[in-house]
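To be precise, the following lines are start-v5.json, and they hold JSON, C-alpha atoms.
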```json
[["chain", "number", "residue", "atom", "x", "y", "z"],
["A", 1, "TRP", "CA", 16.16, 69.06, 243.35],
["A", 2, "LEU", "CA", 16.09, 72.78, 242.64],
["A", 3, "LEU", "CA", 15.43, 73.94, 239.09],
["A", 4, "SER", "CA", 16.84, 77.39, 238.40],
["A", 5, "GLY", "CA", 17.22, 78.92, 234.96],
["A", 6, "ALA", "CA", 19.23, 76.41, 232.90],
["A", 7, "VAL", "CA", 20.41, 74.12, 235.71],
["A", 8, "ALA", "CA", 19.14, 71.69, 238.33],
["A", 9, "PHE", "CA", 21.01, 70.93, 241.54],
["A", 10, "ASN", "CA", 20.39, 69.25, 244.87],
["A", 11, "SER", "CA", 19.13, 71.24, 247.85],
["A", 12, "THR", "CA", 18.95, 70.30, 251.53],
["A", 13, "VAL", "CA", 17.07, 71.22, 254.69],
["A", 14, "ALA", "CA", 18.36, 70.57, 258.21],
["A", 15, "ASP", "CA", 16.39, 70.95, 261.44],
["A", 16, "TRP", "CA", 18.43, 73.17, 263.74],
["A", 17, "GLY", "CA", 18.31, 72.70, 267.51],
["A", 18, "GLU", "CA", 15.48, 74.23, 269.49],
["A", 19, "SER", "CA", 14.22, 76.59, 266.81],
["A", 20, "GLY", "CA", 13.62, 74.07, 264.02],
["A", 21, "MET", "CA", 14.20, 76.98, 261.67],
["A", 22, "GLY", "CA", 17.84, 76.48, 260.70],
["A", 23, "TYR", "CA", 18.95, 75.74, 257.16],
["A", 24, "SER", "CA", 22.22, 74.30, 255.94],
["A", 25, "GLY", "CA", 23.48, 74.31, 252.38],
["A", 26, "THR", "CA", 21.48, 75.57, 249.42],
["A", 27, "GLN", "CA", 17.77, 75.78, 250.20],
["A", 28, "VAL", "CA", 14.65, 76.59, 248.17],
["A", 29, "VAL", "CA", 12.72, 79.35, 249.91],
["A", 30, "ASN", "CA", 9.27, 80.68, 249.09],
["A", 31, "TYR", "CA", 8.15, 82.20, 252.38],
["A", 32, "THR", "CA", 6.02, 85.14, 253.43],
["A", 33, "LYS", "CA", 6.64, 87.04, 256.64],
["A", 34, "GLY", "CA", 3.48, 85.63, 258.22],
["A", 35, "TYR", "CA", 4.53, 82.03, 257.59],
["A", 36, "VAL", "CA", 7.87, 82.00, 259.39],
["A", 37, "GLU", "CA", 8.62, 83.13, 262.92],
["A", 38, "GLU", "CA", 9.30, 86.84, 262.63],
["A", 39, "ASP", "CA", 12.73, 86.68, 264.27],
["A", 40, "TYR", "CA", 13.93, 84.17, 261.70],
["A", 41, "SER", "CA", 12.07, 85.05, 258.52],
["A", 42, "ASN", "CA", 14.47, 87.74, 257.36],
["A", 43, "ALA", "CA", 17.45, 85.37, 257.57],
["A", 44, "TYR", "CA", 16.22, 83.57, 254.46],
["A", 45, "LEU", "CA", 14.06, 86.13, 252.66],
["A", 46, "PRO", "CA", 15.69, 88.25, 249.95],
["A", 47, "SER", "CA", 16.06, 91.95, 250.62],
["A", 48, "ALA", "CA", 14.29, 92.49, 247.28],
["A", 49, "SER", "CA", 10.51, 92.10, 247.13],
["A", 50, "GLY", "CA", 10.17, 88.52, 245.87],
["A", 51, "ALA", "CA", 12.17, 86.39, 243.46],
["A", 52, "ALA", "CA", 14.17, 87.77, 240.57],
["A", 53, "GLN", "CA", 12.25, 85.57, 238.15],
["A", 54, "GLY", "CA", 9.15, 83.47, 238.81],
["A", 55, "GLU", "CA", 8.09, 82.60, 242.37],
["A", 56, "ASN", "CA", 11.02, 80.64, 243.83],
["A", 57, "TYR", "CA", 14.67, 81.36, 244.53],
["A", 58, "ALA", "CA", 17.45, 79.84, 246.64],
["A", 59, "THR", "CA", 19.04, 81.06, 249.84],
["A", 60, "VAL", "CA", 22.61, 79.89, 250.34],
["A", 61, "ASN", "CA", 23.79, 79.56, 253.94],
["A", 62, "ILE", "CA", 27.55, 79.04, 254.11],
["A", 63, "MET", "CA", 28.16, 77.21, 257.37],
["A", 64, "ALA", "CA", 31.82, 76.42, 256.72],
["A", 65, "LEU", "CA", 34.44, 77.87, 254.35],
["A", 66, "PHE", "CA", 32.45, 77.45, 251.14],
["A", 67, "GLU", "CA", 29.35, 75.94, 249.52],
["A", 68, "GLN", "CA", 29.15, 74.20, 246.14],
["A", 69, "ILE", "CA", 26.45, 73.28, 243.63],
["A", 70, "HIS", "CA", 26.97, 70.81, 240.78],
["A", 71, "PHE", "CA", 25.11, 70.28, 237.50],
["A", 72, "THR", "CA", 25.50, 68.97, 233.95],
["A", 73, "LYS", "CA", 28.47, 70.58, 232.20],
["A", 74, "THR", "CA", 27.50, 73.80, 230.44],
["A", 75, "THR", "CA", 28.45, 77.45, 229.90],
["A", 76, "LEU", "CA", 26.27, 79.63, 232.09],
["A", 77, "SER", "CA", 25.12, 83.10, 231.01],
["A", 78, "GLY", "CA", 24.88, 84.46, 234.53],
["A", 79, "MET", "CA", 22.55, 84.61, 237.52],
["A", 80, "ALA", "CA", 20.74, 87.02, 239.83],
["A", 81, "ILE", "CA", 22.14, 87.68, 243.32],
["A", 82, "THR", "CA", 21.04, 89.74, 246.31],
["A", 83, "ASN", "CA", 21.40, 89.92, 250.09],
["A", 84, "THR", "CA", 18.91, 88.53, 252.56],
["A", 85, "GLN", "CA", 16.96, 90.91, 254.77],
["A", 86, "LYS", "CA", 19.01, 89.74, 257.77],
["A", 87, "VAL", "CA", 22.25, 90.77, 256.07],
["A", 88, "VAL", "CA", 20.88, 94.19, 255.08],
["A", 89, "ASP", "CA", 19.80, 94.70, 258.70],
["A", 90, "ALA", "CA", 23.37, 93.91, 259.84],
["A", 91, "ILE", "CA", 24.83, 96.28, 257.23],
["A", 92, "VAL", "CA", 22.55, 99.18, 258.19],
["A", 93, "LYS", "CA", 22.11, 98.64, 261.96],
["A", 94, "GLY", "CA", 25.01, 96.43, 263.05],
["A", 95, "ASP", "CA", 25.11, 92.71, 263.78],
["A", 96, "GLY", "CA", 25.22, 92.76, 267.59],
["A", 97, "MET", "CA", 28.45, 90.75, 267.75],
["A", 98, "SER", "CA", 31.18, 92.70, 265.98],
["A", 99, "VAL", "CA", 34.12, 93.97, 267.99],
["A", 100, "GLU", "CA", 34.89, 97.60, 267.13],
["A", 101, "GLU", "CA", 37.35, 99.93, 268.78],
["A", 102, "ALA", "CA", 34.82, 102.76, 268.53],
["A", 103, "GLY", "CA", 31.95, 100.91, 270.20],
["A", 104, "GLU", "CA", 29.52, 98.01, 270.05],
["A", 105, "SER", "CA", 27.79, 96.60, 266.99],
["A", 106, "LEU", "CA", 28.51, 99.39, 264.53],
["A", 107, "PRO", "CA", 26.86, 99.36, 261.09],
["A", 108, "PHE", "CA", 29.08, 99.05, 258.02],
["A", 109, "HIS", "CA", 31.29, 102.10, 257.62],
["A", 110, "GLN", "CA", 34.48, 103.19, 255.86],
["A", 111, "ASP", "CA", 36.63, 100.24, 254.64],
["A", 112, "ASP", "CA", 34.00, 97.57, 255.46],
["A", 113, "TYR", "CA", 32.84, 95.06, 252.85],
["A", 114, "PHE", "CA", 30.88, 91.82, 252.42],
["A", 115, "LYS", "CA", 32.37, 89.91, 249.48],
["A", 116, "LEU", "CA", 31.11, 86.86, 247.58],
["A", 117, "THR", "CA", 33.71, 84.91, 245.60],
["A", 118, "ILE", "CA", 32.26, 82.78, 242.79],
["A", 119, "THR", "CA", 34.48, 80.02, 241.39],
["A", 120, "GLY", "CA", 33.84, 77.86, 238.31],
["A", 121, "LEU", "CA", 34.55, 74.14, 238.59],
["A", 122, "VAL", "CA", 35.06, 71.18, 236.30],
["A", 123, "GLY", "CA", 35.24, 68.28, 238.69],
["A", 124, "ASP", "CA", 37.85, 69.38, 241.24],
["A", 125, "SER", "CA", 39.59, 71.76, 238.81],
["A", 126, "VAL", "CA", 39.06, 75.53, 238.91],
["A", 127, "THR", "CA", 38.30, 77.32, 235.63],
["A", 128, "GLY", "CA", 38.33, 80.81, 237.10],
["A", 129, "SER", "CA", 36.82, 82.99, 239.80],
["A", 130, "PHE", "CA", 35.72, 86.56, 240.50],
["A", 131, "ASP", "CA", 34.47, 88.67, 243.39],
["A", 132, "PHE", "CA", 31.06, 90.28, 243.75],
["A", 133, "PHE", "CA", 30.66, 92.77, 246.60],
["A", 134, "LEU", "CA", 27.32, 92.34, 248.34],
["A", 135, "ALA", "CA", 28.31, 95.41, 250.36],
["A", 136, "ASP", "CA", 31.17, 97.75, 249.49],
["A", 137, "PHE", "CA", 32.14, 100.60, 251.79],
["A", 138, "ARG", "CA", 35.80, 100.81, 250.71],
["A", 139, "THR", "CA", 35.54, 104.09, 248.79],
["A", 140, "LYS", "CA", 34.45, 107.22, 250.63],
["A", 141, "GLY", "CA", 31.30, 108.70, 249.09],
["A", 142, "GLU", "CA", 30.51, 105.49, 247.17],
["A", 143, "TRP", "CA", 29.20, 103.22, 249.91],
["A", 144, "LYS", "CA", 26.66, 100.73, 248.52],
["A", 145, "TYR", "CA", 25.06, 97.34, 249.12],
["A", 146, "ALA", "CA", 22.81, 94.91, 247.24],
["A", 147, "GLU", "CA", 19.22, 95.40, 248.33],
["A", 148, "ASN", "CA", 17.75, 94.69, 244.88],
["A", 149, "TRP", "CA", 18.53, 91.73, 242.62],
["A", 150, "GLN", "CA", 21.80, 92.17, 240.71],
["A", 151, "TRP", "CA", 22.84, 90.29, 237.57],
["A", 152, "VAL", "CA", 26.34, 88.80, 237.45],
["A", 153, "GLU", "CA", 27.88, 87.36, 234.28],
["A", 154, "LEU", "CA", 29.17, 83.77, 234.55],
["A", 155, "ASN", "CA", 30.20, 83.02, 230.95],
["A", 156, "THR", "CA", 33.78, 84.12, 231.69],
["A", 157, "LEU", "CA", 34.11, 80.95, 233.81],
["A", 158, "GLY", "CA", 33.82, 78.86, 230.62],
["A", 159, "GLU", "CA", 32.22, 75.43, 230.36],
["A", 160, "ILE", "CA", 31.71, 74.20, 233.93],
["A", 161, "ASP", "CA", 29.84, 71.57, 235.92],
["A", 162, "GLY", "CA", 29.88, 73.32, 239.27],
["A", 163, "LEU", "CA", 29.99, 76.62, 241.15],
["A", 164, "GLN", "CA", 31.64, 77.31, 244.47],
["A", 165, "PHE", "CA", 30.60, 80.19, 246.71],
["A", 166, "ALA", "CA", 32.68, 81.71, 249.51],
["A", 167, "LEU", "CA", 31.97, 84.76, 251.67],
["A", 168, "GLU", "CA", 34.35, 87.22, 253.32],
["A", 169, "THR", "CA", 33.46, 90.11, 255.62],
["A", 170, "THR", "CA", 35.38, 92.73, 257.55],
["A", 171, "LYS", "CA", 32.95, 92.37, 260.48],
["A", 172, "LYS", "CA", 34.44, 89.87, 262.96],
["A", 173, "ASN", "CA", 34.97, 88.96, 266.57],
["A", 174, "SER", "CA", 37.21, 86.41, 268.28],
["A", 175, "TRP", "CA", 35.11, 83.51, 266.89],
["A", 176, "GLY", "CA", 35.16, 84.70, 263.30],
["A", 177, "ALA", "CA", 32.81, 86.50, 260.88],
["A", 178, "THR", "CA", 29.72, 88.14, 262.37],
["A", 179, "THR", "CA", 27.90, 89.24, 259.21],
["A", 180, "PRO", "CA", 25.19, 86.59, 258.65],
["A", 181, "SER", "CA", 26.53, 84.12, 256.05],
["A", 182, "TYR", "CA", 23.55, 84.20, 253.69],
["A", 183, "PHE", "CA", 22.79, 85.42, 250.19],
["A", 184, "CYS", "CA", 20.09, 84.71, 247.60],
["A", 185, "ILE", "CA", 20.46, 83.44, 244.01],
["A", 186, "ASP", "CA", 17.98, 82.98, 241.16],
["A", 187, "ASN", "CA", 17.70, 82.16, 237.44],
["A", 188, "ILE", "CA", 21.13, 80.51, 237.12],
["A", 189, "GLY", "CA", 22.11, 80.34, 233.45],
["A", 190, "GLY", "CA", 18.85, 82.01, 232.48],
["A", 191, "SER", "CA", 18.11, 85.34, 230.88],
["A", 192, "LYS", "CA", 19.00, 88.70, 232.40],
["A", 193, "GLU", "CA", 16.01, 90.25, 230.62],
["A", 194, "ALA", "CA", 13.64, 87.85, 232.41],
["A", 195, "CYS", "CA", 14.76, 89.09, 235.85],
["A", 196, "THR", "CA", 13.44, 91.94, 237.96],
["A", 197, "LEU", "CA", 16.65, 93.82, 238.76],
["A", 198, "GLY", "CA", 17.51, 97.11, 240.46],
["A", 199, "GLU", "CA", 20.36, 99.43, 241.32],
["A", 200, "MET", "CA", 22.75, 98.94, 244.22],
["A", 201, "THR", "CA", 21.53, 100.88, 247.26],
["A", 202, "LYS", "CA", 23.80, 103.84, 248.04],
["A", 203, "VAL", "CA", 24.50, 105.15, 251.54],
["A", 204, "VAL", "CA", 24.67, 108.94, 251.38],
["A", 205, "GLU", "CA", 25.23, 109.66, 255.08],
["A", 206, "GLU", "CA", 27.05, 107.98, 257.91],
["A", 207, "PRO", "CA", 24.59, 106.10, 260.18],
["A", 208, "THR", "CA", 24.08, 108.01, 263.42],
["A", 209, "ALA", "CA", 25.15, 104.92, 265.38],
["A", 210, "LEU", "CA", 28.71, 105.62, 264.25],
["A", 211, "ARG", "CA", 28.75, 108.61, 266.56],
["A", 212, "GLN", "CA", 27.76, 106.56, 269.62],
["A", 213, "THR", "CA", 31.25, 105.47, 270.57],
["A", 214, "ASN", "CA", 31.11, 105.26, 274.36],
["A", 215, "ALA", "CA", 29.33, 101.94, 274.81],
["A", 216, "GLU", "CA", 31.42, 99.11, 276.24],
["A", 217, "GLN", "CA", 31.40, 95.84, 274.29],
["A", 218, "PRO", "CA", 29.36, 93.22, 276.24],
["A", 219, "LYS", "CA", 31.25, 90.03, 276.98],
["A", 220, "ALA", "CA", 30.40, 87.03, 274.80],
["A", 221, "THR", "CA", 30.42, 83.44, 276.03],
["A", 222, "LYS", "CA", 29.99, 80.07, 274.34],
["A", 223, "ARG", "CA", 26.95, 77.94, 275.21],
["A", 224, "LEU", "CA", 26.23, 74.34, 274.18],
["A", 225, "ILE", "CA", 22.48, 73.68, 273.85],
["A", 226, "ASN", "CA", 21.21, 70.29, 272.65],
["A", 227, "GLY", "CA", 24.57, 69.58, 271.06],
["A", 228, "GLN", "CA", 24.59, 72.91, 269.17],
["A", 229, "LEU", "CA", 27.16, 75.62, 269.92],
["A", 230, "TYR", "CA", 25.84, 79.16, 270.36],
["A", 231, "ILE", "CA", 27.23, 82.55, 271.41],
["A", 232, "GLU", "CA", 25.57, 84.41, 274.29],
["A", 233, "GLN", "CA", 26.08, 88.17, 274.44],
["A", 234, "ASN", "CA", 24.12, 90.83, 276.26],
["A", 235, "ASN", "CA", 21.57, 88.19, 277.42],
["A", 236, "ARG", "CA", 20.84, 87.08, 273.86],
["A", 237, "LEU", "CA", 21.78, 83.94, 271.90],
["A", 238, "TYR", "CA", 23.40, 83.98, 268.45],
["A", 239, "THR", "CA", 24.42, 81.24, 266.04],
["A", 240, "LEU", "CA", 28.06, 81.03, 264.99],
["A", 241, "THR", "CA", 27.12, 82.81, 261.74],
["A", 242, "GLY", "CA", 25.73, 85.81, 263.65],
["A", 243, "VAL", "CA", 21.97, 85.08, 263.46],
["A", 244, "ALA", "CA", 20.13, 86.21, 266.59],
["A", 245, "LEU", "CA", 17.72, 83.69, 268.12]]
```

Write the structure described by the file as structure tokens, please.
Amino acid sequence: WLLSGAVAFNSTVADWGESGMGYSGTQVVNYTKGYVEEDYSNAYLPSASGAAQGENYATVNIMALFEQIHFTKTTLSGMAITNTQKVVDAIVKGDGMSVEEAGESLPFHQDDYFKLTITGLVGDSVTGSFDFFLADFRTKGEWKYAENWQWVELNTLGEIDGLQFALETTKKNSWGATTPSYFCIDNIGGSKEACTLGEMTKVVEEPTALRQTNAEQPKATKRLINGQLYIEQNNRLYTLTGVAL
């Protein structure tokens, strides 16, 4: 069970194929870079330096269409949210799998976004929902993404006993979304004042990679390894959520 702010909810860990580093569902994470294999650590670590409040936080990995948490019925004040380091890397440098007319693996640019939809639940009924943009490049000159912890208000959802999270990105290929499907949450239903928060990170110049438009997109193929489906592209393996192995 994960205790966060005013609520407690179940969390799960799943061993994942050869790496043993995969996580499914909502997972407590309290890692340092030296503790986890370097290639995987930033998939679960927040882009901010540490938790928003206290020492622990949760990383949500949405493997399907959505992820839910359930708790005793209450009205929640809000919670802290940020991207993982892996997502920020994909926003700034490209994800290695996106299909772009202008070239391979472009960073986020004009009209791109990474959107989290938060829905309030009472049983199977929806009380309301709203969107929070983890990255928003829709308006020229106002490109930004969550690299620090952000506070989102939840009290507009009313008295609820569950939250549902869904992600949407403009970065895709023929198999679906390529932005890693992770984000971090902390201090659910707790106090905004108790959290270490920061501003959204603004992008003031187009990444230079946007100008490199002559590269051909490497072909991607599906590979089944130990019962797990992967994508192989440019001699490298990726999970279906865009995490490089």

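For the pair atom CA of Thr179 of chain A and atom CA of Lys144 of chain A, the separation is 15.7 Å.
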
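Atom CA of Val60 of chain A is positioned 12.6 Å from atom CA of Ile118 of chain A.
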
> Which of these, A:Ser181, A:His109, A:Val7, A:Asp95, has the shortest distance to Trp143 of chain A once you count all atoms listed in the file?
Replying inline: A:His109

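If all atoms listed in the file are the atoms counted, then among A:Asp112, A:Glu55, A:Asp131, A:Glu159 the closest residue to Gly189 of chain A is A:Glu159.
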
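When all atoms listed in the file are used to measure the gap to Leu237 of chain A, the shortest distance among A:Leu134, A:Ile91, A:Gly96, A:Leu106 belongs to A:Gly96.
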
>> For a cutoff of 6 Å around the file-coordinate point (31.9, 80.4, 242.9), which residues qualify once you count only C-alpha atoms? I'd like the result as a ChimeraX atom specification.
In response: /A:117-120,163-165

>> Can you tell me which residues surround Glu142 of chain A at a distance of at most 10 Å, considering all atoms listed in the file, apart from same-chain residues fewer than 5 positions away, and format the answer as a count of residues only?
In response: 6

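You can rank A:Gln150, A:Thr139, A:Thr127, A:Thr75 by their closest distance to Pro46 of chain A using all atoms listed in the file, and at the top of that list sits A:Gln150.
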
>> What's around Pro107 of chain A at 7 Å? Count all atoms listed in the file, leave out sequence neighbours fewer than 4 positions away in its own chain, and write the answer as a PyMOL selection string.
In response: chain A and resi 90-94

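Closest approach to Gly128 of chain A from the set A:Thr156, A:Thr72, A:Gln233, A:Ser47 is made by A:Thr156, with distances taken over all atoms listed in the file.
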
> What is the atom CA of Ala6 of chain A-atom CA of Cys195 of chain A distance in Å, reported with one decimal?
Replying inline: 13.8 Å
